[in-house]
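Undergrad: Below you'll find input_2.cif; it's mmCIF, C-alpha atoms.
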data_model
loop_
_atom_site.label_atom_id
_atom_site.label_comp_id
_atom_site.auth_asym_id
_atom_site.auth_seq_id
_atom_site.Cartn_x
_atom_site.Cartn_y
_atom_site.Cartn_z
CA MET L 22 69.03 120.78 137.14
CA ARG L 23 71.62 119.21 134.86
CA VAL L 24 74.70 120.99 133.54
CA PRO L 25 76.64 118.89 131.00
CA TYR L 26 80.39 119.23 130.90
CA LEU L 27 80.11 120.15 127.21
CA ASP L 28 77.14 120.73 124.93
CA LEU L 29 78.25 120.62 121.31
CA GLY L 30 74.68 120.25 120.13
CA ALA L 31 73.75 123.75 121.31
CA GLN L 32 76.45 125.30 119.13
CA ILE L 33 75.54 123.21 116.09
CA ARG L 34 71.86 124.10 116.42
CA SER L 35 72.64 127.81 116.45
CA LEU L 36 74.63 127.49 113.21
CA ARG L 37 72.74 124.70 111.48
CA SER L 38 71.40 126.64 108.51
CA GLU L 39 74.75 128.26 107.73
CA LEU L 40 76.61 124.97 108.20
CA ASP L 41 74.17 123.18 105.89
CA THR L 42 74.78 125.77 103.19
CA ALA L 43 78.58 125.62 103.53
CA ILE L 44 78.66 121.81 103.55
CA GLY L 45 76.25 121.77 100.63
CA ARG L 46 78.75 123.73 98.53
CA VAL L 47 81.40 121.09 99.21
CA LEU L 48 78.96 118.34 98.25
CA ASP L 49 78.05 120.17 95.05
CA ASP L 50 81.72 120.72 94.13
CA CYS L 51 82.78 117.22 95.24
CA SER L 52 85.89 118.86 96.75
CA PHE L 53 86.16 116.40 99.61
CA CYS L 54 89.96 116.38 100.20
CA LEU L 55 91.53 119.84 100.48
CA GLY L 56 89.94 121.99 97.77
CA PRO L 57 88.64 125.57 97.83
CA SER L 58 86.94 125.40 101.24
CA VAL L 59 90.18 124.31 102.92
CA ALA L 60 92.21 126.93 101.04
CA ALA L 61 89.75 129.63 102.10
CA PHE L 62 89.88 128.55 105.73
CA GLU L 63 93.69 128.52 105.65
CA ARG L 64 93.72 132.15 104.51
CA GLU L 65 91.13 133.16 107.09
CA PHE L 66 92.81 131.41 110.01
CA ALA L 67 96.23 132.81 109.10
CA ALA L 68 94.68 136.29 109.17
CA PHE L 69 92.96 135.58 112.50
CA VAL L 70 96.18 134.40 114.15
CA GLY L 71 98.32 137.05 112.48
CA ALA L 72 100.55 134.54 110.73
CA ARG L 73 101.84 134.63 107.17
CA GLN L 74 100.91 131.03 106.35
CA CYS L 75 98.42 128.41 107.55
CA VAL L 76 98.46 124.79 106.37
CA GLY L 77 95.44 122.62 107.20
CA PHE L 78 95.76 119.03 108.39
CA ASN L 79 93.53 116.12 109.32
CA SER L 80 94.37 116.56 113.03
CA GLY L 81 96.42 118.61 115.44
CA THR L 82 98.56 115.53 116.10
CA SER L 83 99.46 115.34 112.41
CA ALA L 84 100.29 119.04 112.37
CA LEU L 85 102.76 118.69 115.25
CA HIS L 86 104.27 115.59 113.66
CA ILE L 87 104.91 117.53 110.47
CA ALA L 88 106.42 120.37 112.52
CA MET L 89 109.08 117.93 113.69
CA ARG L 90 109.69 116.78 110.11
CA LEU L 91 110.00 120.37 108.91
CA LEU L 92 112.72 121.02 111.50
CA ASP L 93 114.48 117.77 110.53
CA VAL L 94 114.18 116.40 114.05
CA GLY L 95 115.04 112.72 114.09
CA PRO L 96 116.71 109.82 115.89
CA GLY L 97 119.24 110.95 118.47
CA ASP L 98 117.65 114.38 118.83
CA GLU L 99 115.84 115.70 121.89
CA VAL L 100 112.86 118.04 122.14
CA VAL L 101 112.01 119.68 125.45
CA THR L 102 108.36 119.77 126.43
CA THR L 103 105.95 119.48 129.35
CA PRO L 104 104.74 116.31 131.11
CA HIS L 105 101.35 117.92 131.86
CA THR L 106 99.52 117.87 128.53
CA PHE L 107 97.67 115.56 126.17
CA VAL L 108 99.91 112.79 124.91
CA ALA L 109 99.84 114.03 121.28
CA THR L 110 102.42 116.68 122.16
CA SER L 111 104.99 113.98 122.83
CA TRP L 112 103.70 111.67 120.09
CA ALA L 113 104.94 114.22 117.55
CA ILE L 114 108.44 113.89 119.00
CA ALA L 115 108.33 110.12 119.29
CA TYR L 116 106.99 109.65 115.74
CA VAL L 117 110.26 110.97 114.28
CA GLY L 118 112.41 108.84 116.57
CA ALA L 119 113.45 111.69 118.85
CA ARG L 120 113.33 111.74 122.65
CA PRO L 121 110.88 113.91 124.59
CA VAL L 122 112.67 115.61 127.47
CA PHE L 123 110.35 116.88 130.18
CA VAL L 124 110.53 120.00 132.29
CA ASP L 125 108.25 120.46 135.30
CA ILE L 126 105.42 122.95 135.18
CA ASP L 127 104.87 126.31 136.83
CA GLU L 128 102.70 125.96 139.92
CA ALA L 129 100.53 128.95 139.08
CA THR L 130 99.83 128.55 135.35
CA MET L 131 100.50 124.78 134.96
CA ASN L 132 102.49 125.59 131.81
CA LEU L 133 106.10 124.60 131.21
CA ASP L 134 108.36 126.36 133.74
CA PRO L 135 111.10 128.20 131.81
CA ALA L 136 113.35 128.05 134.87
CA GLY L 137 113.87 124.35 134.20
CA LEU L 138 115.01 124.68 130.58
CA ALA L 139 118.71 125.35 131.10
CA GLY L 140 119.13 122.23 133.22
CA VAL L 141 117.93 119.83 130.52
CA MET L 142 119.32 121.32 127.32
CA THR L 143 122.21 119.36 125.81
CA GLY L 144 124.04 119.13 122.52
CA ARG L 145 121.27 116.83 121.33
CA THR L 146 118.47 119.33 122.00
CA LYS L 147 116.89 120.40 118.71
CA ALA L 148 113.75 122.28 119.77
CA VAL L 149 111.48 123.35 122.62
CA MET L 150 107.75 122.67 122.37
CA PRO L 151 105.73 124.32 125.16
CA VAL L 152 101.95 123.96 125.40
CA HIS L 153 99.58 126.88 125.93
CA LEU L 154 97.55 124.72 128.29
CA CYS L 155 93.84 125.33 128.91
CA GLY L 156 93.97 128.42 126.69
CA HIS L 157 96.54 130.23 128.87
CA PRO L 158 99.73 131.41 127.13
CA CYS L 159 103.14 130.24 128.26
CA ASP L 160 105.81 132.68 129.46
CA LEU L 161 107.07 133.20 125.92
CA ASP L 162 109.68 135.87 126.64
CA ALA L 163 111.57 133.52 128.94
CA ILE L 164 111.18 130.53 126.63
CA GLN L 165 112.27 132.52 123.56
CA ALA L 166 115.32 133.78 125.45
CA ALA L 167 116.33 130.23 126.40
CA CYS L 168 115.90 129.07 122.80
CA GLY L 169 117.80 132.05 121.44
CA GLU L 170 120.80 131.46 123.68
CA ARG L 171 121.30 128.00 122.15
CA GLY L 172 119.93 128.55 118.67
CA LEU L 173 116.99 126.18 119.23
CA ALA L 174 113.71 126.16 117.35
CA LEU L 175 110.54 127.08 119.24
CA VAL L 176 107.40 125.16 118.29
CA GLU L 177 104.19 126.29 120.01
CA ASP L 178 101.58 123.68 120.79
CA ALA L 179 98.58 125.98 120.61
CA ALA L 180 96.01 123.19 120.33
CA GLN L 181 93.99 124.68 123.20
CA ALA L 182 94.69 128.35 122.63
CA HIS L 183 92.93 129.71 119.53
CA GLY L 184 92.95 133.48 120.00
CA ALA L 185 94.88 133.55 123.27
CA ARG L 186 97.24 136.51 123.58
CA TYR L 187 100.66 137.03 125.11
CA ARG L 188 101.39 140.70 125.80
CA GLY L 189 98.69 141.65 123.31
CA ARG L 190 99.89 139.37 120.50
CA ASN L 191 98.25 136.13 119.42
CA VAL L 192 99.99 132.93 120.43
CA GLY L 193 101.11 130.90 117.45
CA THR L 194 103.21 133.77 116.08
CA PHE L 195 106.24 133.49 118.37
CA GLY L 196 107.91 130.30 117.20
CA ALA L 197 109.14 128.89 113.91
CA LEU L 198 105.90 126.90 113.79
CA ALA L 199 102.73 126.51 115.82
CA GLY L 200 100.24 123.67 115.83
CA PHE L 201 96.50 124.02 116.38
CA SER L 202 93.84 121.37 116.88
CA PHE L 203 90.24 121.62 115.71
CA TYR L 204 88.98 118.59 117.60
CA PRO L 205 85.22 119.13 118.15
CA GLY L 206 85.51 120.25 121.77
CA LYS L 207 88.13 122.94 121.10
CA ASN L 208 87.30 126.66 121.14
CA LEU L 209 87.28 126.36 117.36
CA GLY L 210 86.12 122.83 116.65
CA ALA L 211 85.43 120.95 113.44
CA CYS L 212 82.61 118.47 112.89
CA GLY L 213 85.20 115.73 113.14
CA GLU L 214 89.00 115.94 113.23
CA GLY L 215 91.16 118.79 111.99
CA GLY L 216 94.37 120.67 112.66
CA ALA L 217 96.71 123.30 111.27
CA LEU L 218 100.25 124.59 111.29
CA VAL L 219 100.91 128.31 111.13
CA THR L 220 104.27 129.85 110.27
CA GLY L 221 105.89 132.97 108.94
CA ASP L 222 108.20 130.95 106.71
CA ASP L 223 106.97 130.38 103.15
CA ALA L 224 109.46 127.56 102.53
CA LEU L 225 108.30 125.64 105.61
CA ALA L 226 104.69 126.08 104.50
CA ARG L 227 105.45 124.75 101.02
CA ARG L 228 107.16 121.68 102.43
CA ALA L 229 104.30 121.16 104.91
CA ARG L 230 101.82 121.13 102.04
CA SER L 231 103.91 118.53 100.25
CA LEU L 232 104.36 116.32 103.31
CA ARG L 233 100.63 116.29 104.08
CA GLU L 234 99.95 114.99 100.56
CA HIS L 235 102.27 111.99 100.29
CA GLY L 236 105.41 114.08 99.86
CA ALA L 237 104.27 115.36 96.48
CA SER L 238 104.26 118.94 95.22
CA VAL L 239 103.05 117.64 91.85
CA ARG L 240 100.69 114.67 91.81
CA TYR L 241 102.45 111.32 91.43
CA TYR L 242 105.92 112.92 91.80
CA HIS L 243 107.06 112.23 95.36
CA ASP L 244 110.00 114.25 96.65
CA GLU L 245 110.27 112.61 100.08
CA VAL L 246 108.40 110.21 102.32
CA GLY L 247 105.10 111.87 103.12
CA TYR L 248 101.72 111.19 104.67
CA ASN L 249 98.02 111.27 103.96
CA TYR L 250 97.37 114.13 106.38
CA ARG L 251 94.99 116.23 104.25
CA MET L 252 92.17 118.24 105.78
CA GLU L 253 88.75 117.28 104.45
CA GLY L 254 86.81 119.85 102.46
CA ILE L 255 83.79 119.59 104.74
CA GLN L 256 85.93 120.42 107.78
CA GLY L 257 87.35 123.48 106.05
CA ALA L 258 83.82 124.68 105.29
CA VAL L 259 82.65 124.09 108.87
CA LEU L 260 85.67 125.85 110.35
CA SER L 261 85.18 128.92 108.15
CA VAL L 262 81.62 129.26 109.43
CA LYS L 263 82.69 128.90 113.04
CA LEU L 264 85.78 131.13 112.78
CA LYS L 265 83.52 134.15 112.28
CA ARG L 266 82.16 133.60 115.81
CA LEU L 267 85.40 132.65 117.55
CA ALA L 268 86.23 136.07 118.98
CA ASP L 269 82.72 136.35 120.48
CA TRP L 270 82.87 132.79 121.79
CA ASN L 271 86.24 133.44 123.44
CA ALA L 272 84.87 136.61 125.03
CA ARG L 273 81.94 134.60 126.40
CA ARG L 274 84.33 132.01 127.85
CA ARG L 275 86.17 134.79 129.63
CA GLU L 276 82.86 136.09 131.02
CA ILE L 277 82.00 132.64 132.35
CA ALA L 278 85.47 132.24 133.87
CA HIS L 279 85.21 135.58 135.65
CA LEU L 280 81.76 134.61 136.91
CA TYR L 281 83.22 131.39 138.32
CA HIS L 282 86.04 133.43 139.89
CA GLY L 283 83.55 135.51 141.84
CA LEU L 284 81.18 132.71 142.79
CA LEU L 285 83.95 130.36 143.95
CA ASP L 286 86.07 132.92 145.75
CA GLY L 287 86.49 131.87 149.37
CA THR L 288 86.05 128.15 148.70
CA PRO L 289 88.94 125.75 149.41
CA LEU L 290 89.55 125.39 145.67
CA ARG L 291 92.58 126.76 143.91
CA LEU L 292 91.14 128.72 140.99
CA PRO L 293 92.79 129.34 137.61
CA LEU L 294 95.28 132.19 137.57
CA GLU L 295 95.62 134.56 134.62
CA ALA L 296 99.12 136.03 134.50
CA GLU L 297 99.38 139.79 134.04
CA TRP L 298 100.92 139.31 130.58
CA ALA L 299 98.29 136.83 129.42
CA GLU L 300 94.83 136.88 127.92
CA SER L 301 93.48 133.37 128.35
CA VAL L 302 90.69 132.01 126.18
CA TYR L 303 89.73 129.46 128.87
CA HIS L 304 89.50 126.37 126.74
CA LEU L 305 89.23 124.69 130.13
CA TYR L 306 88.32 126.06 133.54
CA VAL L 307 90.45 123.94 135.85
CA VAL L 308 90.14 124.08 139.63
CA ARG L 309 92.41 122.22 142.01
CA HIS L 310 92.03 120.45 145.36
CA PRO L 311 93.38 117.23 146.93
CA ALA L 312 89.76 116.06 147.39
CA ARG L 313 89.24 116.24 143.63
CA ASP L 314 87.76 112.75 143.23
CA ARG L 315 85.25 113.18 146.05
CA LEU L 316 84.22 116.57 144.72
CA ARG L 317 83.80 115.14 141.24
CA ALA L 318 81.56 112.35 142.54
CA HIS L 319 79.47 114.90 144.44
CA LEU L 320 79.04 117.08 141.35
CA GLU L 321 78.10 114.11 139.19
CA SER L 322 75.46 113.14 141.77
CA ARG L 323 73.98 116.64 141.39
CA GLY L 324 73.88 116.47 137.60
CA VAL L 325 77.05 118.48 136.92
CA GLY L 326 79.43 117.04 134.34
CA THR L 327 83.18 117.45 134.84
CA GLY L 328 86.41 116.46 133.10
CA LEU L 329 89.87 115.25 134.17
CA HIS L 330 92.85 116.81 132.37
CA TYR L 331 95.26 114.97 132.78
CA PRO L 332 95.18 112.29 135.49
CA VAL L 333 98.52 110.65 134.60
CA PRO L 334 101.47 112.87 133.61
CA LEU L 335 103.32 111.82 130.50
CA HIS L 336 106.52 110.74 132.24
CA LEU L 337 104.52 108.12 134.18
CA GLN L 338 102.60 106.78 131.18
CA LYS L 339 103.34 103.17 130.21
CA CYS L 340 104.18 104.22 126.65
CA PHE L 341 107.09 106.33 127.93
CA ARG L 342 108.43 103.85 130.47
CA HIS L 343 111.59 103.51 128.37
CA LEU L 344 112.52 107.09 129.27
CA GLY L 345 113.31 105.86 132.77
CA HIS L 346 111.29 108.29 134.85
CA ALA L 347 109.77 107.59 138.26
CA THR L 348 107.26 109.15 140.61
CA GLY L 349 108.78 112.26 142.12
CA ASP L 350 110.73 113.36 139.04
CA PHE L 351 108.29 116.19 138.23
CA PRO L 352 106.43 116.83 141.49
CA VAL L 353 104.46 119.90 140.41
CA ALA L 354 103.01 118.10 137.40
CA GLU L 355 102.29 115.02 139.50
CA ARG L 356 100.44 117.08 142.09
CA ALA L 357 98.40 118.81 139.40
CA ALA L 358 97.44 115.43 137.93
CA LEU L 359 95.97 114.40 141.28
CA GLU L 360 94.17 117.68 142.00
CA CYS L 361 92.84 119.08 138.71
CA LEU L 362 89.14 119.10 137.89
CA SER L 363 87.66 120.78 134.81
CA LEU L 364 84.30 122.50 135.28
CA PRO L 365 81.76 123.12 132.49
CA ILE L 366 82.70 126.07 130.28
CA TYR L 367 81.40 126.69 126.78
CA PRO L 368 79.86 129.76 125.13
CA GLU L 369 76.30 128.46 125.31
CA LEU L 370 76.45 127.91 129.09
CA GLY L 371 74.13 130.40 130.74
CA ARG L 372 74.51 132.24 134.02
CA GLU L 373 71.99 129.95 135.69
CA GLY L 374 74.13 126.92 134.88
CA VAL L 375 77.30 128.54 136.19
CA GLU L 376 75.55 129.56 139.38
CA TYR L 377 74.23 126.03 139.84
CA VAL L 378 77.71 124.54 139.46
CA ALA L 379 79.06 126.99 142.03
CA GLU L 380 76.15 126.28 144.39
CA CYS L 381 76.85 122.55 144.21
CA ILE L 382 80.53 123.15 144.97
CA ARG L 383 79.73 125.39 147.92
CA GLU L 384 77.44 122.79 149.45
CA PHE L 385 80.21 120.15 149.35
CA ARG L 386 81.57 119.56 152.84
CA ASP L 387 83.88 116.56 152.41
CA TRP L 388 87.04 118.56 151.81
#
Could you write out this structure as C-alpha cells?

TA:
Amino acid sequence: MRVPYLDLGAQIRSLRSELDTAIGRVLDDCSFCLGPSVAAFEREFAAFVGARQCVGFNSGTSALHIAMRLLDVGPGDEVVTTPHTFVATSWAIAYVGARPVFVDIDEATMNLDPAGLAGVMTGRTKAVMPVHLCGHPCDLDAIQAACGERGLALVEDAAQAHGARYRGRNVGTFGALAGFSFYPGKNLGACGEGGALVTGDDALARRARSLREHGASVRYYHDEVGYNYRMEGIQGAVLSVKLKRLADWNARRREIAHLYHGLLDGTPLRLPLEAEWAESVYHLYVVRHPARDRLRAHLESRGVGTGLHYPVPLHLQKCFRHLGHATGDFPVAERAALECLSLPIYPELGREGVEYVAECIREFRDW
C-alpha cells in the first residue's frame, strides 16, 4: 500500500466540474487581476473568519509584508516572533528593514511561549507576530496581555490556521491584522499562490488595497511606494468554491487526528497536544521523537510519505546569521527541529490509509 504525504489531485477531482465553471466565468469576463471573483471571495472569507475586512493578495508572504507596512514598522524597529516557523514570517519583518526578535516555543504546543515575551521587549519593539503553527492556536490571552501592557500591535500569522478557534472564537480576529496563506497545500488552498489580510479596521484595509496595487487608490495616481501584490481572479474563483467545503474539511482533519491519537497511543512518539482552550484544524499532524530520521526512512520504505517542518530553526538559518544567534539560544525550538515528523493528513485520506501509517510506525523497532 502507498499513502502519499499529500494528495491534492483527489481534492481537485472531487470539485472539478464546479471549479471549471467558476474559472470559466473569469475567462469569460477577462477579470484576471482582482475583479469580481476576488471581491466576492474577500467578502466570503471575512464572514467565515468573523472579521470586518479581508484583502486578497498574491501570497501569504505578501500579506504579512503589507501588515508590517500598515503598522509603519521600519528600520530600527523590532518585531517579536517565533524561530519555529516557515521563514516567510520573518521575511515580512526583514523586508521593511526591521529586526526579528525570537522567543522560544512552548514545549507542548510548539507555538511562541508568552512567558518569554517580557524578557525581549525593548523601546524598539513595535509589534508581536505569533504563528498559529500546524493549525493550533497560540495562547492569545497571554500574548494580548503582554502587548497591551506596552501598547504593542499584535499581528497573527494564521497561514496554517484557517478556521482554528481560540476559546470558541476564530483566530485572525484577535490582533490588529492577521495574515493567511492559500498555498495549495493549506487547509484552504488555491490552484497556485494566494494570501489575505483580515482586519477590523477599515482604514487599514483601504491602505492595504492601495499598497497591493502599486500604492494607488486611483489608477495612475500613486500615494506611496507600493507593490504588485494583487490576487489573481482565477484564484479568487477557486477559493470561493473551496471555502464552502472548508468547515467539513477541517472536521475531517480533526477526525483523522483523533484516529491517529488512538492508534499511536502507547508508542514512543510524542503526539500533538490540543490545549483545553484550543480547537486545532490540524493543518499538520506532527509527531516527535529523537529517532525521527530513522523512522522517516522506514516509513518511506513502506510507501508512506512524510514531511519535515522545520528542520532548521530561523535563528540558525544562514540568512539570519547577522542577528548573532548560536546553537543553544532557543533550545526548545532546536529540539523540535530535530524531532518533528509530519504524517499524512488531508480530508481525502481514508481510515485504511491512517491505519496503515500507524501499523508501519508500530512495526518500527529502531527507536

Undergrad: Would you mind listing what lies within 8 Å of range 251-253 of chain L as a PyMOL selection string, with only C-alpha atoms counted and same-chain residues fewer than 4 positions away left out?

TA: chain L and resi 53-55+59+77-80+215-216+233-234+257

Undergrad: If we count all atoms listed in the file, what is near range 156-159 of chain L at a cut-off of 6 Å, once residues fewer than 2 positions away on the same chain are taken out, given as a list in words?

TA: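 Once the nearby chain positions are removed, what remains is Asn132, His153, Leu154, Leu161, Gln181, Ala182, Ser301, Val302, Tyr303 and His304 of chain L.
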
Undergrad: List the spatial neighbours of Gly81 in chain L as a list in words - criterion: any atom at most 6 Å away, only C-alpha atoms, same-chain residues fewer than 3 positions off excluded.

TA: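 Residues meeting the cut-off are Ala84, Phe201, Ser202 and Gly216 of chain L.
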
Undergrad: What gap, in Å, lies between CA of Asp127 in chain L and CA of His183 in chain L?

TA: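 Answer for the CA of Asp127 in chain L to CA of His183 in chain L separation: 21.3 Å.
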
Undergrad: My list of candidates is L:Pro365, L:Pro151, L:Gly349, L:Pro25. Which is closest to Val308 in chain L when distances are computed with only C-alpha atoms?

TA: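 Distance minimum relative to Val308 in chain L lands on L:Pro365.
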
Undergrad: Using the chain letters and numbering of this document, enumerate as a PyMOL selection string the residues selected by the PyMOL selection byres ((chain L and resi 379) around 12).

TA: chain L and resi 24+277-278+280-288+290+308+316+320+323+325+364-365+372-378+380-385

Undergrad: Contacts of Glu369 in chain L at 8 Å or less, counting all atoms listed in the file, minus same-chain residues fewer than 5 places along, as an NGL selection string?

TA: :L and (28 or 31-32)

Undergrad: My list of candidates is L:Phe69, L:Val100, L:Gly326, L:Ala113. Which is closest to Ala268 in chain L when distances are computed with all atoms listed in the file?

TA: L:Phe69

Undergrad: Would you compute the distance between CA of Val262 in chain L and CA of Leu36 in chain L? Give it in Å to one decimal.

TA: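 Computing the Euclidean distance for CA of Val262 in chain L and CA of Leu36 in chain L yields 8.1 Å.
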
Undergrad: Closest to Val94 in chain L among L:Gly213, L:Gly71, L:Pro352, L:Gly118, using all atoms listed in the file?

TA: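 The answer is L:Gly118, which sits nearest to Val94 in chain L.
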
Undergrad: Can you work out which one of L:Ala237, L:Ala224, L:Leu260, L:Ile126 has the shortest atom-to-atom distance to Ala43 in chain L, counting only C-alpha atoms?

TA: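 Using only C-alpha atoms, the shortest distance to Ala43 in chain L belongs to L:Leu260.
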
Undergrad: With all atoms listed in the file as the atoms that count, which of L:Arg266, L:His343, L:Arg145, L:Arg23 lies nearest to Gly210 in chain L?

TA: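 Looking only at the distances to Gly210 in chain L, the closest residue turns out to be L:Arg266.
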
Undergrad: Report, in Å with one decimal, the straight-line distance from CA of Glu360 in chain L to CA of Arg273 in chain L.

TA: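 For CA of Glu360 in chain L relative to CA of Arg273 in chain L, the distance reads 26.1 Å.
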
Undergrad: Report as a list in words the full result of the PyMOL selection byres ((chain L and resi 194) around 9) when it is applied to this structure.

TA: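 For this structure, the PyMOL selection byres ((chain L and resi 194) around 9) resolves to Val70, Gly71, Ala72, Glu177, Arg190, Asn191, Val192, Gly193, Phe195, Gly196, Ala197, Leu198, Ala199, Val219, Thr220 and Gly221 of chain L.
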
Undergrad: Closest to Met131 in chain L among L:Tyr116, L:Phe66, L:Tyr331, L:Tyr248, using all atoms listed in the file?

TA: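 Of L:Tyr116, L:Phe66, L:Tyr331, L:Tyr248, the one nearest Met131 in chain L, counting all atoms listed in the file, is L:Tyr331.
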
Undergrad: Would you write out, as an MDAnalysis selection string, every residue that the PyMOL selection byres ((chain L and resi 341) around 12) captures in this file?

TA: chainID L and resid 104 108 111:112 114:115 120:123 333:340 342:347

Undergrad: Which residues come within 8 Å of range 73-76 of chain L, counting only C-alpha atoms, excluding same-chain residues fewer than 3 positions away, as a list in words?

TA: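 That gives Glu63, Arg64, Phe66, Ala67, Ala68, Ala217, Leu218, Val219, Thr220, Gly221, Asp222, Asp223, Ala226, Ala229 and Arg230 of chain L.
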
Undergrad: Would you output that residue set with C-alpha atoms, as a compact mmCIF listing (two decimals), keeping the file's coordinate frame?

TA:
# COMPACT_ATOMS: atom_id res chain seq x y z
CA GLU L 63 93.69 128.52 105.65
CA ARG L 64 93.72 132.15 104.51
CA PHE L 66 92.81 131.41 110.01
CA ALA L 67 96.23 132.81 109.10
CA ALA L 68 94.68 136.29 109.17
CA ALA L 217 96.71 123.30 111.27
CA LEU L 218 100.25 124.59 111.29
CA VAL L 219 100.91 128.31 111.13
CA THR L 220 104.27 129.85 110.27
CA GLY L 221 105.89 132.97 108.94
CA ASP L 222 108.20 130.95 106.71
CA ASP L 223 106.97 130.38 103.15
CA ALA L 226 104.69 126.08 104.50
CA ALA L 229 104.30 121.16 104.91
CA ARG L 230 101.82 121.13 102.04

Undergrad: Taking the point (110.3, 116.7, 110.2) as given in the file, collect each protein or nucleic acid residue that comes within 10 Å of it, counting all atoms listed in the file, and present the set as a short mmCIF file (atom, residue, chain, number, x, y, z; two decimals) with C-alpha atoms, in the coordinates of the input.

TA:
data_model
loop_
_atom_site.label_atom_id
_atom_site.label_comp_id
_atom_site.auth_asym_id
_atom_site.auth_seq_id
_atom_site.Cartn_x
_atom_site.Cartn_y
_atom_site.Cartn_z
CA LEU L 85 102.76 118.69 115.25
CA HIS L 86 104.27 115.59 113.66
CA ILE L 87 104.91 117.53 110.47
CA ALA L 88 106.42 120.37 112.52
CA MET L 89 109.08 117.93 113.69
CA ARG L 90 109.69 116.78 110.11
CA LEU L 91 110.00 120.37 108.91
CA LEU L 92 112.72 121.02 111.50
CA ASP L 93 114.48 117.77 110.53
CA VAL L 94 114.18 116.40 114.05
CA GLY L 95 115.04 112.72 114.09
CA ALA L 113 104.94 114.22 117.55
CA ILE L 114 108.44 113.89 119.00
CA TYR L 116 106.99 109.65 115.74
CA VAL L 117 110.26 110.97 114.28
CA ARG L 228 107.16 121.68 102.43
CA ALA L 229 104.30 121.16 104.91
CA LEU L 232 104.36 116.32 103.31
#
